[in-house]
$ cat structure01.cif   # mmCIF, C-alpha atoms and all ligand atoms
data_run
loop_
_atom_site.group_PDB
_atom_site.id
_atom_site.type_symbol
_atom_site.label_atom_id
_atom_site.label_comp_id
_atom_site.auth_asym_id
_atom_site.auth_seq_id
_atom_site.Cartn_x
_atom_site.Cartn_y
_atom_site.Cartn_z
ATOM 1 C CA MET Y 7 -37.209 -55.920 -5.596
ATOM 2 C CA ALA Y 8 -38.505 -55.190 -9.128
ATOM 3 C CA ILE Y 9 -36.194 -54.778 -12.104
ATOM 4 C CA PRO Y 10 -36.029 -51.063 -12.975
ATOM 5 C CA PHE Y 11 -36.549 -49.588 -16.429
ATOM 6 C CA ILE Y 12 -33.357 -50.198 -18.399
ATOM 7 C CA ALA Y 13 -31.691 -48.137 -21.122
ATOM 8 C CA ILE Y 14 -28.516 -49.120 -22.973
ATOM 9 C CA TYR Y 15 -26.044 -46.609 -24.433
ATOM 10 C CA GLY Y 16 -23.666 -48.240 -26.942
ATOM 11 C CA MET Y 17 -25.194 -50.815 -29.271
ATOM 12 C CA GLY Y 18 -22.092 -52.824 -30.168
ATOM 13 C CA ARG Y 19 -21.648 -56.521 -29.448
ATOM 14 C CA PHE Y 20 -22.376 -56.288 -25.723
ATOM 15 C CA GLY Y 21 -25.168 -53.732 -26.031
ATOM 16 C CA ARG Y 22 -27.020 -55.673 -28.714
ATOM 17 C CA ALA Y 23 -26.671 -58.986 -26.865
ATOM 18 C CA LEU Y 24 -27.998 -57.461 -23.636
ATOM 19 C CA ALA Y 25 -30.801 -55.583 -25.434
ATOM 20 C CA SER Y 26 -31.945 -58.741 -27.225
ATOM 21 C CA ALA Y 27 -31.794 -60.795 -24.019
ATOM 22 C CA LEU Y 28 -33.933 -58.210 -22.203
ATOM 23 C CA ASP Y 29 -36.329 -58.001 -25.132
ATOM 24 C CA ARG Y 30 -36.758 -61.783 -25.344
ATOM 25 C CA ARG Y 31 -37.505 -62.012 -21.643
ATOM 26 C CA LYS Y 32 -39.905 -59.079 -21.787
ATOM 27 C CA LEU Y 33 -37.807 -57.208 -19.230
ATOM 28 C CA PRO Y 34 -38.413 -53.448 -19.183
ATOM 29 C CA LEU Y 35 -35.992 -52.179 -21.845
ATOM 30 C CA VAL Y 36 -37.186 -48.633 -22.509
ATOM 31 C CA ARG Y 37 -34.446 -47.158 -24.731
ATOM 32 C CA VAL Y 38 -31.252 -47.958 -26.591
ATOM 33 C CA GLY Y 39 -28.873 -45.450 -28.093
ATOM 34 C CA GLY Y 40 -25.417 -44.425 -29.168
ATOM 35 C CA ARG Y 41 -23.503 -41.977 -31.294
ATOM 36 C CA SER Y 42 -24.128 -43.629 -34.684
ATOM 37 C CA ALA Y 43 -27.207 -44.602 -36.661
ATOM 38 C CA ALA Y 44 -29.486 -47.233 -35.125
ATOM 39 C CA PRO Y 45 -28.402 -50.818 -35.734
ATOM 40 C CA GLU Y 46 -30.671 -53.034 -37.823
ATOM 41 C CA GLY Y 47 -33.841 -53.943 -35.930
ATOM 42 C CA TRP Y 48 -33.471 -51.329 -33.155
ATOM 43 C CA GLN Y 49 -34.803 -48.197 -34.901
ATOM 44 C CA THR Y 50 -37.936 -47.901 -32.734
ATOM 45 C CA LEU Y 51 -36.217 -47.738 -29.343
ATOM 46 C CA TYR Y 52 -33.078 -45.962 -30.582
ATOM 47 C CA ALA Y 53 -32.039 -42.407 -29.675
ATOM 48 C CA ARG Y 54 -28.964 -40.952 -31.329
ATOM 49 C CA GLY Y 55 -26.518 -38.902 -29.240
ATOM 50 C CA PRO Y 56 -26.437 -38.379 -25.456
ATOM 51 C CA GLU Y 57 -29.035 -35.599 -25.259
ATOM 52 C CA ALA Y 58 -31.704 -37.472 -27.204
ATOM 53 C CA PHE Y 59 -30.854 -40.620 -25.297
ATOM 54 C CA LEU Y 60 -31.361 -39.051 -21.874
ATOM 55 C CA ARG Y 61 -34.475 -37.044 -22.791
ATOM 56 C CA GLY Y 62 -37.541 -38.224 -20.860
ATOM 57 C CA LEU Y 63 -35.897 -41.174 -19.098
ATOM 58 C CA LYS Y 64 -37.719 -41.679 -15.791
ATOM 59 C CA ALA Y 65 -35.879 -41.323 -12.478
ATOM 60 C CA GLY Y 66 -34.666 -44.723 -11.297
ATOM 61 C CA THR Y 67 -33.958 -45.988 -14.829
ATOM 62 C CA LEU Y 68 -30.789 -48.079 -15.010
ATOM 63 C CA VAL Y 69 -28.542 -46.831 -17.831
ATOM 64 C CA VAL Y 70 -26.087 -49.515 -18.980
ATOM 65 C CA ILE Y 71 -23.084 -47.933 -20.731
ATOM 66 C CA ALA Y 72 -21.687 -50.475 -23.219
ATOM 67 C CA VAL Y 73 -18.942 -48.583 -25.065
ATOM 68 C CA PRO Y 74 -15.233 -49.476 -25.382
ATOM 69 C CA ASP Y 75 -13.312 -49.163 -22.117
ATOM 70 C CA ASP Y 76 -11.277 -46.199 -23.362
ATOM 71 C CA ALA Y 77 -14.448 -44.265 -24.334
ATOM 72 C CA LEU Y 78 -16.028 -44.603 -20.859
ATOM 73 C CA PRO Y 79 -14.749 -41.289 -19.385
ATOM 74 C CA THR Y 80 -15.930 -39.298 -22.438
ATOM 75 C CA VAL Y 81 -19.338 -40.954 -22.557
ATOM 76 C CA ALA Y 82 -19.760 -40.611 -18.778
ATOM 77 C CA ARG Y 83 -19.212 -36.854 -19.053
ATOM 78 C CA GLN Y 84 -21.753 -36.700 -21.906
ATOM 79 C CA LEU Y 85 -24.363 -38.492 -19.778
ATOM 80 C CA ALA Y 86 -23.659 -36.531 -16.600
ATOM 81 C CA ASP Y 87 -26.502 -34.037 -17.115
ATOM 82 C CA ALA Y 88 -29.164 -36.462 -15.971
ATOM 83 C CA ASP Y 89 -30.803 -36.517 -12.555
ATOM 84 C CA GLY Y 90 -32.024 -39.562 -10.690
ATOM 85 C CA LEU Y 91 -30.741 -42.224 -13.069
ATOM 86 C CA LEU Y 92 -28.695 -45.296 -12.116
ATOM 87 C CA PHE Y 93 -25.584 -46.072 -14.177
ATOM 88 C CA ALA Y 94 -23.457 -49.166 -14.757
ATOM 89 C CA HIS Y 95 -20.734 -49.778 -17.318
ATOM 90 C CA THR Y 96 -19.943 -53.188 -18.783
ATOM 91 C CA SER Y 97 -16.136 -53.376 -18.683
ATOM 92 C CA GLY Y 98 -14.608 -56.290 -16.803
ATOM 93 C CA ALA Y 99 -11.291 -54.531 -16.319
ATOM 94 C CA ARG Y 100 -12.502 -51.302 -14.690
ATOM 95 C CA GLY Y 101 -14.337 -50.392 -11.497
ATOM 96 C CA PRO Y 102 -17.035 -47.762 -10.922
ATOM 97 C CA GLU Y 103 -14.397 -44.985 -11.054
ATOM 98 C CA ALA Y 104 -14.199 -45.432 -14.841
ATOM 99 C CA ILE Y 105 -17.448 -43.482 -15.252
ATOM 100 C CA LEU Y 106 -16.814 -40.596 -12.850
ATOM 101 C CA PRO Y 107 -18.344 -38.050 -12.475
ATOM 102 C CA LEU Y 108 -21.302 -40.469 -12.659
ATOM 103 C CA GLN Y 109 -21.853 -42.331 -9.399
ATOM 104 C CA GLY Y 110 -22.398 -45.744 -10.876
ATOM 105 C CA GLY Y 111 -21.353 -49.349 -10.932
ATOM 106 C CA VAL Y 112 -20.366 -52.281 -13.112
ATOM 107 C CA PHE Y 113 -22.444 -54.941 -14.828
ATOM 108 C CA HIS Y 114 -20.005 -57.254 -16.584
ATOM 109 C CA ILE Y 115 -20.870 -60.534 -18.289
ATOM 110 C CA LEU Y 116 -18.031 -63.038 -18.648
ATOM 111 C CA GLN Y 117 -18.794 -63.968 -22.233
ATOM 112 C CA SER Y 118 -17.482 -63.442 -25.759
ATOM 113 C CA PHE Y 119 -20.247 -61.839 -27.795
ATOM 114 C CA PRO Y 120 -20.496 -62.229 -31.569
ATOM 115 C CA PRO Y 121 -21.782 -59.367 -33.761
ATOM 116 C CA THR Y 122 -25.331 -60.790 -33.634
ATOM 117 C CA GLY Y 123 -27.074 -63.520 -31.659
ATOM 118 C CA GLY Y 124 -25.045 -62.946 -28.488
ATOM 119 C CA GLU Y 125 -28.172 -63.124 -26.320
ATOM 120 C CA ALA Y 126 -28.175 -66.927 -26.586
ATOM 121 C CA LEU Y 127 -24.834 -67.034 -24.744
ATOM 122 C CA ILE Y 128 -26.018 -65.049 -21.734
ATOM 123 C CA PRO Y 129 -27.944 -67.659 -19.693
ATOM 124 C CA GLY Y 130 -25.486 -69.758 -17.705
ATOM 125 C CA SER Y 131 -22.671 -67.194 -17.921
ATOM 126 C CA TYR Y 132 -20.820 -65.762 -14.971
ATOM 127 C CA GLY Y 133 -20.282 -62.058 -14.448
ATOM 128 C CA ALA Y 134 -19.293 -59.381 -11.966
ATOM 129 C CA VAL Y 135 -21.118 -56.456 -10.409
ATOM 130 C CA ALA Y 136 -19.897 -53.448 -8.461
ATOM 131 C CA GLY Y 137 -21.330 -50.261 -7.012
ATOM 132 C CA GLU Y 138 -23.002 -49.013 -3.864
ATOM 133 C CA PRO Y 139 -25.207 -51.547 -2.013
ATOM 134 C CA GLY Y 140 -28.567 -50.412 -3.468
ATOM 135 C CA LEU Y 141 -27.248 -50.555 -7.027
ATOM 136 C CA ILE Y 142 -25.609 -53.932 -6.412
ATOM 137 C CA ALA Y 143 -28.945 -55.334 -5.216
ATOM 138 C CA THR Y 144 -30.574 -54.084 -8.443
ATOM 139 C CA LEU Y 145 -27.780 -55.569 -10.583
ATOM 140 C CA HIS Y 146 -28.153 -58.899 -8.777
ATOM 141 C CA GLU Y 147 -31.874 -58.866 -9.640
ATOM 142 C CA LEU Y 148 -31.070 -58.169 -13.281
ATOM 143 C CA ALA Y 149 -28.463 -60.944 -13.328
ATOM 144 C CA THR Y 150 -30.922 -63.425 -11.840
ATOM 145 C CA ALA Y 151 -33.543 -62.488 -14.443
ATOM 146 C CA LEU Y 152 -30.963 -63.129 -17.189
ATOM 147 C CA GLU Y 153 -29.744 -66.391 -15.550
ATOM 148 C CA ILE Y 154 -26.256 -65.027 -14.935
ATOM 149 C CA THR Y 155 -24.275 -65.844 -11.789
ATOM 150 C CA VAL Y 156 -22.587 -62.633 -10.690
ATOM 151 C CA ILE Y 157 -19.990 -62.124 -8.005
ATOM 152 C CA GLU Y 158 -18.672 -58.970 -6.357
ATOM 153 C CA LEU Y 159 -14.962 -58.372 -6.809
ATOM 154 C CA THR Y 160 -12.561 -56.381 -4.664
ATOM 155 C CA GLU Y 161 -10.554 -53.731 -6.520
ATOM 156 C CA ALA Y 162 -7.490 -55.985 -6.259
ATOM 157 C CA GLN Y 163 -9.396 -58.868 -7.872
ATOM 158 C CA ARG Y 164 -10.736 -56.919 -10.847
ATOM 159 C CA VAL Y 165 -7.691 -56.956 -13.137
ATOM 160 C CA PRO Y 166 -6.747 -60.607 -12.391
ATOM 161 C CA TYR Y 167 -10.402 -61.518 -13.137
ATOM 162 C CA HIS Y 168 -10.130 -59.801 -16.513
ATOM 163 C CA ALA Y 169 -6.695 -61.293 -17.283
ATOM 164 C CA ALA Y 170 -8.166 -64.767 -16.681
ATOM 165 C CA ALA Y 171 -11.155 -63.870 -18.839
ATOM 166 C CA VAL Y 172 -9.039 -62.930 -21.843
ATOM 167 C CA LEU Y 173 -7.113 -66.195 -21.548
ATOM 168 C CA ALA Y 174 -10.351 -68.196 -21.697
ATOM 169 C CA GLY Y 175 -12.119 -65.988 -24.220
ATOM 170 C CA ASN Y 176 -9.353 -64.762 -26.517
ATOM 171 C CA ALA Y 177 -6.343 -67.074 -26.166
ATOM 172 C CA VAL Y 178 -8.407 -70.174 -26.896
ATOM 173 C CA VAL Y 179 -9.714 -68.600 -30.116
ATOM 174 C CA SER Y 180 -6.199 -67.561 -31.153
ATOM 175 C CA LEU Y 181 -4.738 -71.019 -30.473
ATOM 176 C CA LEU Y 182 -7.503 -72.615 -32.531
ATOM 177 C CA ASP Y 183 -6.565 -70.254 -35.342
ATOM 178 C CA VAL Y 184 -2.895 -71.256 -35.079
ATOM 179 C CA GLY Y 185 -4.069 -74.866 -35.370
ATOM 180 C CA ARG Y 186 -6.112 -74.003 -38.456
ATOM 181 C CA GLY Y 187 -3.060 -72.344 -40.023
ATOM 182 C CA ILE Y 188 -0.874 -75.385 -39.330
ATOM 183 C CA LEU Y 189 -3.443 -77.648 -40.998
ATOM 184 C CA GLU Y 190 -3.742 -75.390 -44.050
ATOM 185 C CA ALA Y 191 0.039 -75.015 -44.358
ATOM 186 C CA ALA Y 192 0.217 -78.828 -44.423
ATOM 187 C CA GLY Y 193 -2.191 -78.843 -47.375
ATOM 188 C CA ILE Y 194 -5.397 -79.867 -45.611
ATOM 189 C CA PRO Y 195 -8.269 -78.180 -47.485
ATOM 190 C CA ALA Y 196 -9.436 -74.922 -45.858
ATOM 191 C CA GLU Y 197 -13.063 -76.112 -45.679
ATOM 192 C CA HIS Y 198 -11.967 -78.884 -43.282
ATOM 193 C CA ALA Y 199 -9.140 -76.977 -41.576
ATOM 194 C CA GLN Y 200 -11.558 -74.249 -40.501
ATOM 195 C CA ARG Y 201 -13.957 -76.712 -38.875
ATOM 196 C CA MET Y 202 -12.200 -79.845 -37.731
ATOM 197 C CA LEU Y 203 -10.645 -78.521 -34.507
ATOM 198 C CA ILE Y 204 -13.870 -77.029 -33.133
ATOM 199 C CA PRO Y 205 -15.588 -80.298 -32.079
ATOM 200 C CA LEU Y 206 -12.299 -81.379 -30.497
ATOM 201 C CA ALA Y 207 -12.071 -78.131 -28.530
ATOM 202 C CA ARG Y 208 -15.737 -78.440 -27.554
ATOM 203 C CA GLY Y 209 -15.119 -81.965 -26.237
ATOM 204 C CA ALA Y 210 -12.078 -80.805 -24.271
ATOM 205 C CA LEU Y 211 -14.105 -77.962 -22.732
ATOM 206 C CA GLN Y 212 -16.910 -80.336 -21.777
ATOM 207 C CA ASN Y 213 -14.383 -82.656 -20.135
ATOM 208 C CA ALA Y 214 -12.773 -79.749 -18.284
ATOM 209 C CA GLN Y 215 -16.202 -78.711 -16.997
ATOM 210 C CA ALA Y 216 -17.171 -82.235 -15.952
ATOM 211 C CA LEU Y 217 -13.840 -83.463 -14.564
ATOM 212 C CA GLY Y 218 -11.701 -80.409 -13.796
ATOM 213 C CA ALA Y 219 -8.567 -79.523 -15.781
ATOM 214 C CA GLU Y 220 -6.180 -82.061 -14.245
ATOM 215 C CA LYS Y 221 -8.355 -85.089 -15.014
ATOM 216 C CA ALA Y 222 -9.581 -83.726 -18.353
ATOM 217 C CA LEU Y 223 -6.090 -83.226 -19.829
ATOM 218 C CA THR Y 224 -5.208 -85.676 -22.607
ATOM 219 C CA GLY Y 225 -2.404 -85.716 -25.195
ATOM 220 C CA PRO Y 226 1.314 -86.424 -25.531
ATOM 221 C CA VAL Y 227 2.537 -84.132 -22.740
ATOM 222 C CA VAL Y 228 0.491 -85.675 -19.948
ATOM 223 C CA ARG Y 229 1.174 -89.174 -21.344
ATOM 224 C CA GLY Y 230 4.883 -88.424 -21.409
ATOM 225 C CA ASP Y 231 5.208 -89.205 -25.137
ATOM 226 C CA VAL Y 232 8.535 -87.415 -25.638
ATOM 227 C CA GLY Y 233 9.005 -88.698 -29.188
ATOM 228 C CA THR Y 234 5.689 -87.249 -30.334
ATOM 229 C CA ILE Y 235 6.599 -83.783 -29.034
ATOM 230 C CA GLU Y 236 9.951 -84.097 -30.812
ATOM 231 C CA ARG Y 237 8.189 -84.954 -34.077
ATOM 232 C CA HIS Y 238 5.817 -81.975 -33.690
ATOM 233 C CA LEU Y 239 8.714 -79.593 -33.142
ATOM 234 C CA LYS Y 240 10.488 -80.867 -36.276
ATOM 235 C CA VAL Y 241 7.647 -79.670 -38.520
ATOM 236 C CA LEU Y 242 6.823 -76.357 -36.819
ATOM 237 C CA THR Y 243 8.543 -73.056 -37.561
ATOM 238 C CA GLY Y 244 8.146 -69.345 -36.880
ATOM 239 C CA ALA Y 245 5.017 -68.053 -35.149
ATOM 240 C CA ASN Y 246 3.383 -71.503 -35.185
ATOM 241 C CA ARG Y 247 6.311 -72.983 -33.316
ATOM 242 C CA ARG Y 248 6.352 -70.109 -30.801
ATOM 243 C CA ALA Y 249 2.635 -70.557 -30.092
ATOM 244 C CA TYR Y 250 3.041 -74.330 -29.755
ATOM 245 C CA VAL Y 251 6.022 -74.062 -27.405
ATOM 246 C CA SER Y 252 4.409 -71.486 -25.138
ATOM 247 C CA ALA Y 253 1.108 -73.396 -24.966
ATOM 248 C CA MET Y 254 2.817 -76.763 -24.380
ATOM 249 C CA LEU Y 255 4.971 -75.344 -21.559
ATOM 250 C CA THR Y 256 1.682 -74.378 -19.888
ATOM 251 C CA VAL Y 257 0.330 -77.871 -20.602
ATOM 252 C CA ALA Y 258 3.484 -79.312 -18.990
ATOM 253 C CA ASP Y 259 2.767 -77.306 -15.806
ATOM 254 C CA LEU Y 260 -0.764 -78.731 -15.691
ATOM 255 C CA ALA Y 261 0.528 -82.253 -16.394
ATOM 256 C CA GLU Y 262 2.937 -81.898 -13.466
ATOM 257 C CA ARG Y 263 0.152 -80.719 -11.140
ATOM 258 C CA SER Y 264 -2.005 -83.658 -12.244
ATOM 259 C CA GLY Y 265 0.631 -86.099 -10.962
ATOM 260 C CA ARG Y 266 -0.105 -88.295 -13.991
ATOM 261 C CA THR Y 267 3.175 -87.770 -15.856
ATOM 262 C CA ASP Y 268 6.506 -89.461 -15.226
ATOM 263 C CA PRO Y 269 8.814 -86.681 -13.888
ATOM 264 C CA GLY Y 270 11.753 -87.795 -16.061
ATOM 265 C CA LYS Y 271 9.637 -87.661 -19.209
ATOM 266 C CA LEU Y 272 8.264 -84.286 -18.210
ATOM 267 C CA LYS Y 273 11.818 -82.992 -17.776
ATOM 268 C CA ALA Y 274 12.752 -84.288 -21.251
ATOM 269 C CA ILE Y 275 9.664 -82.620 -22.763
ATOM 270 C CA ARG Y 276 10.496 -79.290 -21.105
ATOM 271 C CA GLU Y 277 14.094 -79.518 -22.393
ATOM 272 C CA LEU Y 278 12.841 -80.126 -25.938
ATOM 273 C CA LEU Y 279 10.404 -77.225 -25.718
ATOM 274 C CA ASN Y 280 13.073 -74.893 -24.353
ATOM 275 C CA GLN Y 281 15.543 -75.726 -27.153
ATOM 276 C CA LYS Y 282 16.149 -72.915 -29.616
ATOM 277 C CA SER Y 283 14.393 -73.313 -32.947
ATOM 278 C CA PRO Y 284 16.868 -74.696 -35.534
ATOM 279 C CA ALA Y 285 15.653 -72.098 -38.083
HETATM 280 N N1 LIG O 1 -17.859 -58.030 -26.723
HETATM 281 C C1 LIG O 1 -17.746 -58.770 -25.667
HETATM 282 O O1 LIG O 1 -17.683 -59.974 -25.791
HETATM 283 C C2 LIG O 1 -17.739 -58.143 -24.287
HETATM 284 C C3 LIG O 1 -17.871 -59.010 -23.178
HETATM 285 C C4 LIG O 1 -17.876 -58.474 -21.923
HETATM 286 C C5 LIG O 1 -17.733 -57.102 -21.748
HETATM 287 N N2 LIG O 1 -17.593 -56.299 -22.841
HETATM 288 C C6 LIG O 1 -17.458 -54.853 -22.593
HETATM 289 O O2 LIG O 1 -18.539 -54.167 -23.211
HETATM 290 C C7 LIG O 1 -18.090 -52.889 -23.647
HETATM 291 C C8 LIG O 1 -18.409 -52.711 -25.120
HETATM 292 O O3 LIG O 1 -17.682 -53.688 -25.819
HETATM 293 P P1 LIG O 1 -18.215 -54.240 -27.243
HETATM 294 O O4 LIG O 1 -17.434 -55.467 -27.504
HETATM 295 O O5 LIG O 1 -19.688 -54.259 -27.276
HETATM 296 O O6 LIG O 1 -17.670 -53.095 -28.197
HETATM 297 P P2 LIG O 1 -18.107 -52.813 -29.706
HETATM 298 O O7 LIG O 1 -18.775 -53.992 -30.318
HETATM 299 O O8 LIG O 1 -16.900 -52.231 -30.358
HETATM 300 O O9 LIG O 1 -19.223 -51.696 -29.560
HETATM 301 C C9 LIG O 1 -18.935 -50.483 -28.920
HETATM 302 C C10 LIG O 1 -20.106 -49.537 -29.112
HETATM 303 O O10 LIG O 1 -19.768 -48.323 -28.458
HETATM 304 C C11 LIG O 1 -19.934 -47.255 -29.373
HETATM 305 N N3 LIG O 1 -18.960 -46.189 -29.099
HETATM 306 C C12 LIG O 1 -17.632 -46.228 -29.240
HETATM 307 N N4 LIG O 1 -17.072 -45.075 -28.869
HETATM 308 C C13 LIG O 1 -18.109 -44.273 -28.505
HETATM 309 C C14 LIG O 1 -18.188 -42.925 -28.039
HETATM 310 N N5 LIG O 1 -17.096 -42.178 -27.849
HETATM 311 N N6 LIG O 1 -19.421 -42.421 -27.804
HETATM 312 C C15 LIG O 1 -20.534 -43.176 -27.978
HETATM 313 N N7 LIG O 1 -20.512 -44.450 -28.414
HETATM 314 C C16 LIG O 1 -19.309 -44.984 -28.665
HETATM 315 C C17 LIG O 1 -19.719 -47.851 -30.735
HETATM 316 O O11 LIG O 1 -20.363 -47.021 -31.658
HETATM 317 P P3 LIG O 1 -19.847 -46.847 -33.176
HETATM 318 O O12 LIG O 1 -20.527 -47.970 -33.902
HETATM 319 O O13 LIG O 1 -20.316 -45.498 -33.523
HETATM 320 O O14 LIG O 1 -18.345 -46.981 -33.139
HETATM 321 C C18 LIG O 1 -20.401 -49.214 -30.563
HETATM 322 O O15 LIG O 1 -21.789 -49.134 -30.731
HETATM 323 C C19 LIG O 1 -16.591 -52.802 -23.320
HETATM 324 O O16 LIG O 1 -16.434 -52.150 -22.072
HETATM 325 C C20 LIG O 1 -16.194 -54.252 -23.185
HETATM 326 O O17 LIG O 1 -15.094 -54.431 -22.311
HETATM 327 C C21 LIG O 1 -17.601 -56.779 -24.107
#
$ encode --input "structure01.cif" --output "structure tokens" --more "lines below"
Ligand SMILES: NC(=O)c1ccc[n+]([C@@H]2O[C@H](COP(=O)([O-])OP(=O)(O)OC[C@H]3O[C@@H](n4cnc5c(N)ncnc54)[C@H](OP(=O)(O)O)[C@@H]3O)[C@@H](O)[C@H]2O)c1
Amino acid sequence: MAIPFIAIYGMGRFGRALASALDRRKLPLVRVGGRSAAPEGWQTLYARGPEAFLRGLKAGTLVVIAVPDDALPTVARQLADADGLLFAHTSGARGPEAILPLQGGVFHILQSFPPTGGEALIPGSYGAVAGEPGLIATLHELATALEITVIELTEAQRVPYHAAAVLAGNAVVSLLDVGRGILEAAGIPAEHAQRMLIPLARGALQNAQALGAEKALTGPVVRGDVGTIERHLKVLTGANRRAYVSAMLTVADLAERSGRTDPGKLKAIRELLNQKSPA
């Protein structure tokens, strides 16, 4: 099955990453658009507003709607005047019903896209597709061309899938930022504090990929170093302490599952973490 003509409405982070990935692979991107002025570099293919965007699109064109989740119903109504087009939105948290009255599907990529350059992150990513069988087959073709592994989710799986995605994509970034703040509050120069945890996190991710989480886990919790946790807690206050405690309780659960930690030490660590902050 050939990849259809593709048009993208919504040129934010996702839309630009997808458009650039299609462009680089010489896949048939025929139009991009949205409600605002064309983003830098996309003036030639850009159509502003739903009417201009839809005008002249050939039947069978796949329209990817890449706007914020809450804007999907409004944008779907604005695009509903077209005949013979295929539609898919890009939200991981919503099913095809999010773009009713359009009869469409979902093309989600499990990735965290930066403002520019997001196309480089697409190959090797996972994602999810939904829709009627013919559309799903088309979305599988598109995913294969972009080197994405996509799965089909049941309705009951969709929200858990997205909850897991925000843990991996957003919580990790936020915890790294807490770490940066702790370093800076301790007087470590910002130029180092902003960078020094990233290679560590990258190494931990590589180990998790290669070994699985239980074998990859290192650090004082899994070693059962109760005194080290106690020393950490003595210097942490406020939001930093709350973030540390909640993350380390999760680490303690993983340490327990790994079977590598002495149960008595794990109990002592959990008791320390569950103690009220002295402040
Ligand atoms: N970013 C990611 O990493 C990522 C990953 C996977 C899935 N997604 C999904 O992709 C979708 C878009 O997310 P994003 O991160 O790309 O958002 P974004 O960077 O905020 O971009 C959203 C785009 O939609 C446009 N837009 C907003 N409201 C609109 C409306 N009422 N009518 C027409 N256009 C409108 C915005 O235009 P203006 O510039 O005019 O506001 C902007 O171009 C969401 O469903 C999100 O869940 C995102």
$ closest_residue --input "structure01.cif" --among "Y:Ala219, Y:Leu189, Y:Leu108, Y:Val81" --to "ligand LIG 1 (chain O)" --atoms "all atoms listed in the file"
Y:Val81
$ axis_aligned_box --input "structure01.cif" --around "ligand LIG 1 (chain O)" --padding-each-side "5 Å" --output "JSON"
{"center_x": -18.4, "center_y": -51.1, "center_z": -27.8, "size_x": 16.7, "size_y": 27.8, "size_z": 22.2}
$ residues_around --input "structure01.cif" --residues "Ile142 (chain Y)" --least-positions-apart "6" --cutoff "12 Å" --atoms "only C-alpha atoms" --output "number ranges by chain"
Y: 7, 68, 92-94, 102, 110-113, 134-136, 148-149, 156-159
$ write_last_selection --input "structure01.cif" --atoms "C-alpha atoms" --output "mmCIF file, in the coordinates of the input"
data_model
loop_
_atom_site.group_PDB
_atom_site.id
_atom_site.type_symbol
_atom_site.label_atom_id
_atom_site.label_comp_id
_atom_site.auth_asym_id
_atom_site.auth_seq_id
_atom_site.Cartn_x
_atom_site.Cartn_y
_atom_site.Cartn_z
ATOM 1 C CA MET Y 7 -37.209 -55.920 -5.596
ATOM 2 C CA LEU Y 68 -30.789 -48.079 -15.010
ATOM 3 C CA LEU Y 92 -28.695 -45.296 -12.116
ATOM 4 C CA PHE Y 93 -25.584 -46.072 -14.177
ATOM 5 C CA ALA Y 94 -23.457 -49.166 -14.757
ATOM 6 C CA PRO Y 102 -17.035 -47.762 -10.922
ATOM 7 C CA GLY Y 110 -22.398 -45.744 -10.876
ATOM 8 C CA GLY Y 111 -21.353 -49.349 -10.932
ATOM 9 C CA VAL Y 112 -20.366 -52.281 -13.112
ATOM 10 C CA PHE Y 113 -22.444 -54.941 -14.828
ATOM 11 C CA ALA Y 134 -19.293 -59.381 -11.966
ATOM 12 C CA VAL Y 135 -21.118 -56.456 -10.409
ATOM 13 C CA ALA Y 136 -19.897 -53.448 -8.461
ATOM 14 C CA LEU Y 148 -31.070 -58.169 -13.281
ATOM 15 C CA ALA Y 149 -28.463 -60.944 -13.328
ATOM 16 C CA VAL Y 156 -22.587 -62.633 -10.690
ATOM 17 C CA ILE Y 157 -19.990 -62.124 -8.005
ATOM 18 C CA GLU Y 158 -18.672 -58.970 -6.357
ATOM 19 C CA LEU Y 159 -14.962 -58.372 -6.809
#
$ closest_residue --input "structure01.cif" --among "Y:Gly265, Y:Gly270, Y:Pro79, Y:Gly233" --to "ligand LIG 1 (chain O)" --atoms "all atoms listed in the file"
Y:Pro79
$ residues_near_point --input "structure01.cif" --point "(-25.2, -34.3, -17.7)" --cutoff "9 Å" --atoms "all atoms listed in the file" --output "list in words"
Pro56, Glu57, Leu60, Ala82, Arg83, Gln84, Leu85, Ala86, Asp87, Ala88, Asp89 and Leu108 of chain Y
$ resolve_selection --input "structure01.cif" --expression "the PyMOL selection byres (((chain Y and resi 200) around 9) and not hetatm)" --output "PDB file with C-alpha atoms, in the frame of the given file"
ATOM      1  CA  ASP Y 183      -6.565 -70.254 -35.342  1.00  0.00           C
ATOM      2  CA  ARG Y 186      -6.112 -74.003 -38.456  1.00  0.00           C
ATOM      3  CA  GLY Y 187      -3.060 -72.344 -40.023  1.00  0.00           C
ATOM      4  CA  LEU Y 189      -3.443 -77.648 -40.998  1.00  0.00           C
ATOM      5  CA  GLU Y 190      -3.742 -75.390 -44.050  1.00  0.00           C
ATOM      6  CA  PRO Y 195      -8.269 -78.180 -47.485  1.00  0.00           C
ATOM      7  CA  ALA Y 196      -9.436 -74.922 -45.858  1.00  0.00           C
ATOM      8  CA  GLU Y 197     -13.063 -76.112 -45.679  1.00  0.00           C
ATOM      9  CA  HIS Y 198     -11.967 -78.884 -43.282  1.00  0.00           C
ATOM     10  CA  ALA Y 199      -9.140 -76.977 -41.576  1.00  0.00           C
ATOM     11  CA  ARG Y 201     -13.957 -76.712 -38.875  1.00  0.00           C
ATOM     12  CA  MET Y 202     -12.200 -79.845 -37.731  1.00  0.00           C
ATOM     13  CA  LEU Y 203     -10.645 -78.521 -34.507  1.00  0.00           C
ATOM     14  CA  ILE Y 204     -13.870 -77.029 -33.133  1.00  0.00           C
TER      15      ILE Y 204
END
$ residues_near_ligand --input "structure01.cif" --ligand "ligand LIG 1 (chain O)" --cutoff "6 Å" --atoms "all atoms listed in the file" --output "ChimeraX atom specification"
/Y:16-21,40-42,72-75,77,81,96-98,114-119
$ residues_near_point --input "structure01.cif" --point "(-33.6, -43.1, -26.8)" --cutoff "6 Å" --atoms "only C-alpha atoms" --output "tab-separated table (two decimals) with C-alpha atoms, in the frame of the given file"
chain	number	residue	atom	x	y	z
Y	37	ARG	CA	-34.45	-47.16	-24.73
Y	38	VAL	CA	-31.25	-47.96	-26.59
Y	39	GLY	CA	-28.87	-45.45	-28.09
Y	51	LEU	CA	-36.22	-47.74	-29.34
Y	52	TYR	CA	-33.08	-45.96	-30.58
Y	53	ALA	CA	-32.04	-42.41	-29.68
Y	58	ALA	CA	-31.70	-37.47	-27.20
Y	59	PHE	CA	-30.85	-40.62	-25.30
